[in-house]
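Notes follow the structure.
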There are 2 protein chains.
Amino acid sequence: MLFIDEGKQRAYYSRLDFKLWVGIIFLMVGLSGRLAAAVTTEPDPPNIVIIFADDLGYGDLGVYGHPTIRTPSLDRMAAKGIKFTQFYSGASVCTPSRAALLTGRLPVRSGMMSDKFRVLFPFSEKGLPAKEITIAEALKEKGYATAAIGKWHLGHEPSYLPTNHGFDTFYGIPYSNDMSLKRRGDPPVPLMRDKSIIEQPAKQQTLTRRYTRESIAFIQDQGNQPFFLYLAHTFPHVPLYASEEFRGKSSRGLYGDVIEEIDWSTGKILNELRELGIADNTLVFFTSDNGPWIVKKQEGGSAGLLRNGKGTTWEGGMREPAIAWWPGTIAPGQVSQTLATTMDLFSTSLALAGADHPKDRIIDGINLMPVLTGKQEEVRQVVYYYREKKLHAARKGPWKAHFITQSAYEGDRRVRHKIPQLYNLEKDPGERFNVAKKHPQVISDIKKIVEEHKKNLNRGKDQLSAVK
Amino acid sequence: MLFIDEGKQRAYYSRLDFKLWVGIIFLMVGLSGRLAAAVTTEPDPPNIVIIFADDLGYGDLGVYGHPTIRTPSLDRMAAKGIKFTQFYSGASVCTPSRAALLTGRLPVRSGMMSDKFRVLFPFSEKGLPAKEITIAEALKEKGYATAAIGKWHLGHEPSYLPTNHGFDTFYGIPYSNDMSLKRRGDPPVPLMRDKSIIEQPAKQQTLTRRYTRESIAFIQDQGNQPFFLYLAHTFPHVPLYASEEFRGKSSRGLYGDVIEEIDWSTGKILNELRELGIADNTLVFFTSDNGPWIVKKQEGGSAGLLRNGKGTTWEGGMREPAIAWWPGTIAPGQVSQTLATTMDLFSTSLALAGADHPKDRIIDGINLMPVLTGKQEEVRQVVYYYREKKLHAARKGPWKAHFITQSAYEGDRRVRHKIPQLYNLEKDPGERFNVAKKHPQVISDIKKIVEEHKKNLNRGKDQLSAVK
């Protein structure tokens, strides 16, 4: 054909096969990647980003089964990385959970668990002791730039703030976003930069957006220096706020809006890493501090098929959504049932930075790299569930023995069991069928492990009960 | 460099950049696709495969949030297609649910719901009336080859079998796999081919495997003829059986083994379609007949965060996992909250085959193609929840009004509500917060819709209560 109708020709080019373009783009990326590889020498220590939600339930993300909360970025992150299905926080409430993550130690060891107050309050005097070693401190010694963005909740007095715990900078709120009770004499919730209050009350509606902007600026500013970013979102802890772009968008209501904004934020950060060309040298880990705050009804989340939620040592209280992403190092599309905890992120981060594990104290974390790289299926056998300073339950392999049960978040009666309740969490993730009578040997095995564990507990001095 | 060390050279080629290969492959696929497009004329009517599990819970697949059941094939199917999060079966028990799927009609219209027996039994006399039009009948008229493989449960007397309802062939069991009670005088469960019993008792351990082999043989045999395959698995209905390759493999126990074998089966079928080069002309839809049989404890499944299960009109009874796959026609990676039902698969199938909707009867199905192709976000506003012959609940948009509630599967007291219970299923998918008092207008809207609906109900003559 010699004469081509112009309209048809345009249609022809606009229809020019998508696959063809993908092919050309991949070829170019492939070739440029090979050229770059030819000049690279030793790999830099990887960047580490931990994104920590607040009160997010096991069942609250699309990829964890929620029917009406849309989380396309987190779903994609899981599709490109590993989705963990048996991943635990270090405690079922905020302060001790954050202490566990950042120190790699059960919070009962650092004194960040108390029988009097479960978390720090605006009237608290203390916080994470200076002698504790945080991920930030360990990585800073290895030349990392470090930033804490978001909620802290490990002490708001000057000496306890992030910049005294290894973080170069801090931008966020010092404790939970609901801690401004007038009758208690709480001040309005402050927004801080480093050690200064820059806004009070913090305008919560735009916090997620501003945390995201600060995170991206921090990432962009690092150049060739490796970095550790700890982005601890203020939400979905109540009171719930979403920015204008997200308010009213989710069919799940305000709770959904808030999650969808966190999802957007995560997508923005992953995109930035890709655009800067550092995605394949960055581990990003997304999880939450504890389960959903069920007593808040529609303003609280869902633990999916797990039992109960925040504040309890039932699975809903401490098992979290958890997604690891590291293009080129973590193979895509994995679902892992391995046992792991937030404390393992401490050990993993130190291993990646080439920092030594502290030898003068007990560390509960285990390096997850063998799991992340597919070299081992598991690295951990046991998980402990503390509430206040008491060990309520312990899990070994599929078996969880409850020595003490207590169902609701507040005020509920504590029941100490002569014969522990026993659940097989792999067969019965909802903790519905107590099979203690059938498995006395399992119970005595777990009891032995617990006895050993208690011998070496070294309880830290209670930091939470000191008040002004 | 002139001299290249052979070992290094080999390493060089083995490391030859993955992206480069992807680029080359995409280019070739892109070019060949364009060449093929140039010679293609009219598209053939597409093949249709419906895979129907039995008693699978909303929360039982990896992609729907189960922590210990591995379903890599269904997860991938969802990643390459659409995962529906608000998709319903036509009833909360087996027989009426299957009637709804195959006829596109509420089973109360076809007489396949009864106040006496909820499903057909080995002592039942009747089944799906001959005057009902099944998907198979409609598609057969358009030149489709049709096969029913698996569980039927729409009448086991010769005149009610699949080969009298539009299917060229049948290979499977005529009713549920637990229907062989000696005290009731039931015979052992038979395995049939067309109208003949070929094995009795059916060896259930290898049923999933044999159904899969039969399905693949049927697909391979069609050549250029379009086909409709209805693969209705026998499991995870109890008693549970998995083949040797899967028994003991799942950490969820036997229930997990059974699901993982169904997952394997689905993967085999999708692979076969790809290998035959007909994937892009085949719609595959995976779903289940009703929710999990909770009273069976660890042998029953989980509805995830949804309330209750099989037999009830709570969400857990009728909302199902549902995944649509059609490479090239359905865009990958979609999660859809659209309202849809198994009855819509009737209308979708007829539309795809170019068959007219029957005009002499009420059809409850709606063609889903506008949703599958992304042209419309929704096609359906209302879902009806029948139990026996009574309308227990109705959903319009996010709102579900319960006129009657009844919690457990059997024997439980039926409560008729003067003021219906009202739930916002988008904000409260677990049906925890009755908000009837706040929304009287919503209730009266739904009542009006229900009144209209009841005027045109045309209840069919009860087919289930006739016994020998």
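In the structure tokens, the first chain shown is A, the next is B, and so on; residue numbers restart at 1 for each chain, and ligands run from 1 in the order shown.
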
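Sharing one sequence, chain A and chain B superpose at an RMSD of 0.6 Å, with all Cα atoms paired in order.
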
Using backbone DSSP assignments, extract all alpha helix (DSSP H) residues from stretch 67-256 of chain A; output them as a PyMOL selection string. chain A and resi 72-79+94-103+107-110+135-140+207-221+254-256

Take the selection from the previous step and output its residues with N, CA and C atoms, as a short mmCIF file (atom, residue, chain, number, x, y, z; two decimals), in the first residue's frame.
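Contents of the output file out19.cif:
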```cif
data_model
loop_
_atom_site.label_atom_id
_atom_site.label_comp_id
_atom_site.auth_asym_id
_atom_site.auth_seq_id
_atom_site.Cartn_x
_atom_site.Cartn_y
_atom_site.Cartn_z
N PRO A 72 -3.36 -0.47 47.18
CA PRO A 72 -2.64 -0.95 45.99
C PRO A 72 -1.13 -0.90 46.14
N SER A 73 -0.60 0.11 46.85
CA SER A 73 0.86 0.22 46.96
C SER A 73 1.43 -0.88 47.85
N LEU A 74 0.77 -1.14 48.96
CA LEU A 74 1.24 -2.20 49.85
C LEU A 74 1.02 -3.57 49.21
N ASP A 75 -0.07 -3.72 48.48
CA ASP A 75 -0.30 -4.98 47.77
C ASP A 75 0.83 -5.22 46.77
N ARG A 76 1.22 -4.17 46.04
CA ARG A 76 2.30 -4.28 45.06
C ARG A 76 3.63 -4.53 45.75
N MET A 77 3.83 -3.84 46.87
CA MET A 77 5.06 -4.05 47.64
C MET A 77 5.19 -5.53 48.03
N ALA A 78 4.07 -6.11 48.47
CA ALA A 78 4.08 -7.54 48.82
C ALA A 78 4.33 -8.40 47.58
N ALA A 79 3.72 -8.01 46.46
CA ALA A 79 3.89 -8.78 45.22
C ALA A 79 5.33 -8.74 44.73
N CYS A 94 1.78 0.30 72.62
CA CYS A 94 2.70 1.16 71.90
C CYS A 94 4.13 1.25 72.45
N THR A 95 4.30 1.82 73.63
CA THR A 95 5.65 2.10 74.14
C THR A 95 6.55 0.86 74.18
N PRO A 96 6.14 -0.21 74.84
CA PRO A 96 7.03 -1.38 74.87
C PRO A 96 7.29 -1.96 73.48
N SER A 97 6.30 -1.89 72.60
CA SER A 97 6.49 -2.42 71.25
C SER A 97 7.59 -1.66 70.50
N ARG A 98 7.59 -0.33 70.65
CA ARG A 98 8.60 0.49 69.98
C ARG A 98 9.99 0.25 70.59
N ALA A 99 10.01 0.09 71.91
CA ALA A 99 11.30 -0.22 72.55
C ALA A 99 11.85 -1.53 72.01
N ALA A 100 11.00 -2.53 71.86
CA ALA A 100 11.44 -3.83 71.35
C ALA A 100 12.04 -3.70 69.95
N LEU A 101 11.33 -3.02 69.08
CA LEU A 101 11.80 -2.84 67.70
C LEU A 101 13.17 -2.18 67.67
N LEU A 102 13.32 -1.07 68.39
CA LEU A 102 14.54 -0.27 68.24
C LEU A 102 15.74 -0.85 69.00
N THR A 103 15.47 -1.68 70.04
CA THR A 103 16.59 -2.23 70.82
C THR A 103 16.85 -3.71 70.55
N PRO A 107 10.88 -5.85 75.84
CA PRO A 107 10.81 -4.60 76.61
C PRO A 107 10.87 -4.82 78.12
N VAL A 108 10.57 -6.03 78.56
CA VAL A 108 10.67 -6.31 79.99
C VAL A 108 12.14 -6.24 80.44
N ARG A 109 13.05 -6.41 79.52
CA ARG A 109 14.49 -6.34 79.85
C ARG A 109 14.98 -4.89 79.97
N SER A 110 14.38 -4.03 79.16
CA SER A 110 14.84 -2.63 79.16
C SER A 110 14.05 -1.78 80.16
N ILE A 135 18.80 0.73 67.04
CA ILE A 135 19.28 0.50 65.66
C ILE A 135 20.02 1.73 65.17
N ALA A 136 19.44 2.91 65.47
CA ALA A 136 20.03 4.16 64.98
C ALA A 136 21.45 4.34 65.52
N GLU A 137 21.62 4.07 66.81
CA GLU A 137 22.96 4.22 67.41
C GLU A 137 23.96 3.28 66.76
N ALA A 138 23.55 2.04 66.61
CA ALA A 138 24.46 1.05 66.04
C ALA A 138 24.82 1.41 64.59
N LEU A 139 23.83 1.88 63.83
CA LEU A 139 24.09 2.17 62.42
C LEU A 139 24.86 3.48 62.24
N LYS A 140 24.64 4.40 63.15
CA LYS A 140 25.36 5.68 63.09
C LYS A 140 26.87 5.44 63.20
N LEU A 207 -0.55 15.29 59.03
CA LEU A 207 0.66 14.64 59.55
C LEU A 207 1.22 13.58 58.59
N THR A 208 0.37 12.70 58.10
CA THR A 208 0.86 11.63 57.22
C THR A 208 1.54 12.23 55.99
N ARG A 209 0.89 13.24 55.44
CA ARG A 209 1.44 13.92 54.27
C ARG A 209 2.80 14.56 54.59
N ARG A 210 2.87 15.23 55.74
CA ARG A 210 4.12 15.91 56.09
C ARG A 210 5.22 14.91 56.46
N TYR A 211 4.85 13.83 57.14
CA TYR A 211 5.85 12.79 57.42
C TYR A 211 6.45 12.26 56.10
N THR A 212 5.57 12.10 55.13
CA THR A 212 6.00 11.55 53.84
C THR A 212 6.97 12.51 53.15
N ARG A 213 6.60 13.80 53.16
CA ARG A 213 7.45 14.81 52.52
C ARG A 213 8.82 14.85 53.21
N GLU A 214 8.79 14.82 54.55
CA GLU A 214 10.06 14.84 55.30
C GLU A 214 10.89 13.59 54.99
N SER A 215 10.24 12.46 54.88
CA SER A 215 10.95 11.21 54.60
C SER A 215 11.62 11.28 53.24
N ILE A 216 10.90 11.77 52.26
CA ILE A 216 11.45 11.85 50.90
C ILE A 216 12.60 12.84 50.86
N ALA A 217 12.45 13.97 51.56
CA ALA A 217 13.54 14.95 51.60
C ALA A 217 14.78 14.32 52.24
N PHE A 218 14.58 13.59 53.32
CA PHE A 218 15.72 12.93 53.98
C PHE A 218 16.42 11.95 53.03
N ILE A 219 15.62 11.16 52.32
CA ILE A 219 16.19 10.19 51.38
C ILE A 219 16.97 10.91 50.28
N GLN A 220 16.37 11.97 49.75
CA GLN A 220 17.01 12.70 48.65
C GLN A 220 18.33 13.35 49.08
N ASP A 221 18.40 13.75 50.35
CA ASP A 221 19.56 14.50 50.83
C ASP A 221 20.81 13.64 51.06
N LEU A 254 -13.69 6.70 57.53
CA LEU A 254 -12.50 7.46 57.92
C LEU A 254 -11.31 6.53 58.22
N TYR A 255 -11.59 5.40 58.88
CA TYR A 255 -10.49 4.46 59.15
C TYR A 255 -9.83 4.02 57.84
N GLY A 256 -10.63 3.76 56.85
CA GLY A 256 -10.10 3.38 55.54
C GLY A 256 -9.34 4.52 54.88
#
```

What's around B:Ser124 at 9 Å? Count only C-alpha atoms, leave out sequence neighbours fewer than 4 positions away in its own chain, and write the answer as a compact mmCIF listing (two decimals) with N, CA, C and O atoms, in the first residue's frame.
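Result written to out_27.txt:
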```
# COMPACT_ATOMS: atom_id res chain seq x y z
N LEU B 120 -30.69 -31.40 48.29
CA LEU B 120 -31.10 -32.73 47.85
C LEU B 120 -30.32 -33.80 48.62
O LEU B 120 -29.16 -33.59 48.98
N GLY B 155 -29.82 -33.10 41.37
CA GLY B 155 -30.69 -34.23 41.05
C GLY B 155 -29.88 -35.39 40.50
O GLY B 155 -29.15 -35.24 39.53
N HIS B 156 -30.03 -36.57 41.15
CA HIS B 156 -29.21 -37.71 40.75
C HIS B 156 -30.02 -38.77 40.01
O HIS B 156 -29.47 -39.74 39.51
N GLU B 157 -31.33 -38.59 39.95
CA GLU B 157 -32.12 -39.49 39.11
C GLU B 157 -31.78 -39.18 37.65
O GLU B 157 -31.46 -38.02 37.32
N GLN B 463 -38.93 -28.37 44.73
CA GLN B 463 -38.38 -29.61 44.15
C GLN B 463 -37.64 -30.45 45.19
O GLN B 463 -37.29 -31.59 44.93
N LEU B 464 -37.34 -29.85 46.33
CA LEU B 464 -36.45 -30.53 47.28
C LEU B 464 -37.17 -31.43 48.27
O LEU B 464 -36.55 -32.31 48.86
N SER B 465 -38.48 -31.17 48.45
CA SER B 465 -39.16 -31.93 49.51
C SER B 465 -39.71 -33.27 49.02
O SER B 465 -40.15 -34.08 49.83
N ALA B 466 -39.67 -33.51 47.71
CA ALA B 466 -40.19 -34.78 47.19
C ALA B 466 -39.19 -35.91 47.48
O ALA B 466 -38.03 -35.82 47.09
N VAL B 467 -39.65 -36.91 48.22
CA VAL B 467 -38.74 -38.02 48.54
C VAL B 467 -39.36 -39.35 48.15
O VAL B 467 -40.56 -39.46 47.94
N LYS B 468 -38.49 -40.33 48.03
CA LYS B 468 -38.96 -41.66 47.63
C LYS B 468 -39.70 -42.33 48.76
O LYS B 468 -39.29 -42.26 49.91
```

If we count only C-alpha atoms and set the cut-off at 10 Å, which residues sit around A:Arg361, ignoring sequence neighbours fewer than 4 positions away in its own chain? Please answer as a list in words.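 Near neighbours after the sequence-gap exclusion: Arg105, Arg109, Glu132, Ile133, His357 and Asn458 of chain A.
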
Could you take the residues named above and write them with all heavy atoms, as a tab-separated table (two decimals), in the first residue's frame?
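See part_21.tsv below for the written result:
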```tsv
chain	number	residue	atom	x	y	z
A	105	ARG	N	15.32	-6.03	71.94
A	105	ARG	CA	15.19	-6.72	73.22
A	105	ARG	C	13.75	-6.72	73.69
A	105	ARG	O	13.01	-5.76	73.47
A	105	ARG	CB	16.03	-5.98	74.27
A	105	ARG	CG	17.51	-6.25	74.17
A	105	ARG	CD	18.37	-5.10	74.65
A	105	ARG	NE	18.19	-4.67	76.04
A	105	ARG	CZ	18.66	-5.33	77.11
A	105	ARG	NH1	19.28	-6.49	76.97
A	105	ARG	NH2	18.48	-4.84	78.32
A	109	ARG	N	13.05	-6.41	79.52
A	109	ARG	CA	14.49	-6.34	79.85
A	109	ARG	C	14.98	-4.89	79.97
A	109	ARG	O	15.89	-4.59	80.73
A	109	ARG	CB	15.34	-7.02	78.77
A	109	ARG	CG	15.02	-8.50	78.56
A	109	ARG	CD	16.16	-9.14	77.76
A	109	ARG	NE	15.74	-10.32	77.01
A	109	ARG	CZ	15.76	-11.56	77.49
A	109	ARG	NH1	16.15	-11.81	78.72
A	109	ARG	NH2	15.38	-12.58	76.73
A	132	GLU	N	20.48	1.73	76.68
A	132	GLU	CA	19.98	0.86	75.61
A	132	GLU	C	20.58	1.28	74.27
A	132	GLU	O	20.79	2.48	74.03
A	132	GLU	CB	18.45	0.91	75.54
A	132	GLU	CG	17.75	0.31	76.75
A	132	GLU	CD	18.00	-1.19	76.90
A	132	GLU	OE1	18.11	-1.89	75.87
A	132	GLU	OE2	18.12	-1.67	78.05
A	133	ILE	N	20.86	0.31	73.43
A	133	ILE	CA	21.43	0.60	72.11
A	133	ILE	C	20.32	0.45	71.06
A	133	ILE	O	19.73	-0.62	70.94
A	133	ILE	CB	22.57	-0.39	71.79
A	133	ILE	CG1	23.69	-0.22	72.83
A	133	ILE	CG2	23.11	-0.17	70.37
A	133	ILE	CD1	24.68	-1.37	72.82
A	357	HIS	N	26.71	-7.34	66.97
A	357	HIS	CA	25.67	-7.48	67.99
A	357	HIS	C	26.29	-7.07	69.33
A	357	HIS	O	27.41	-7.50	69.64
A	357	HIS	CB	25.24	-8.95	68.06
A	357	HIS	CG	23.82	-9.16	67.68
A	357	HIS	ND1	23.11	-10.24	68.08
A	357	HIS	CD2	22.97	-8.43	66.94
A	357	HIS	CE1	21.88	-10.18	67.60
A	357	HIS	NE2	21.77	-9.09	66.90
A	458	ASN	N	16.78	-10.96	83.43
A	458	ASN	CA	17.38	-9.65	83.74
A	458	ASN	C	16.40	-8.50	83.54
A	458	ASN	O	16.61	-7.64	82.70
A	458	ASN	CB	18.63	-9.39	82.88
A	458	ASN	CG	19.74	-10.37	83.17
A	458	ASN	OD1	19.68	-11.09	84.16
A	458	ASN	ND2	20.74	-10.39	82.31
```
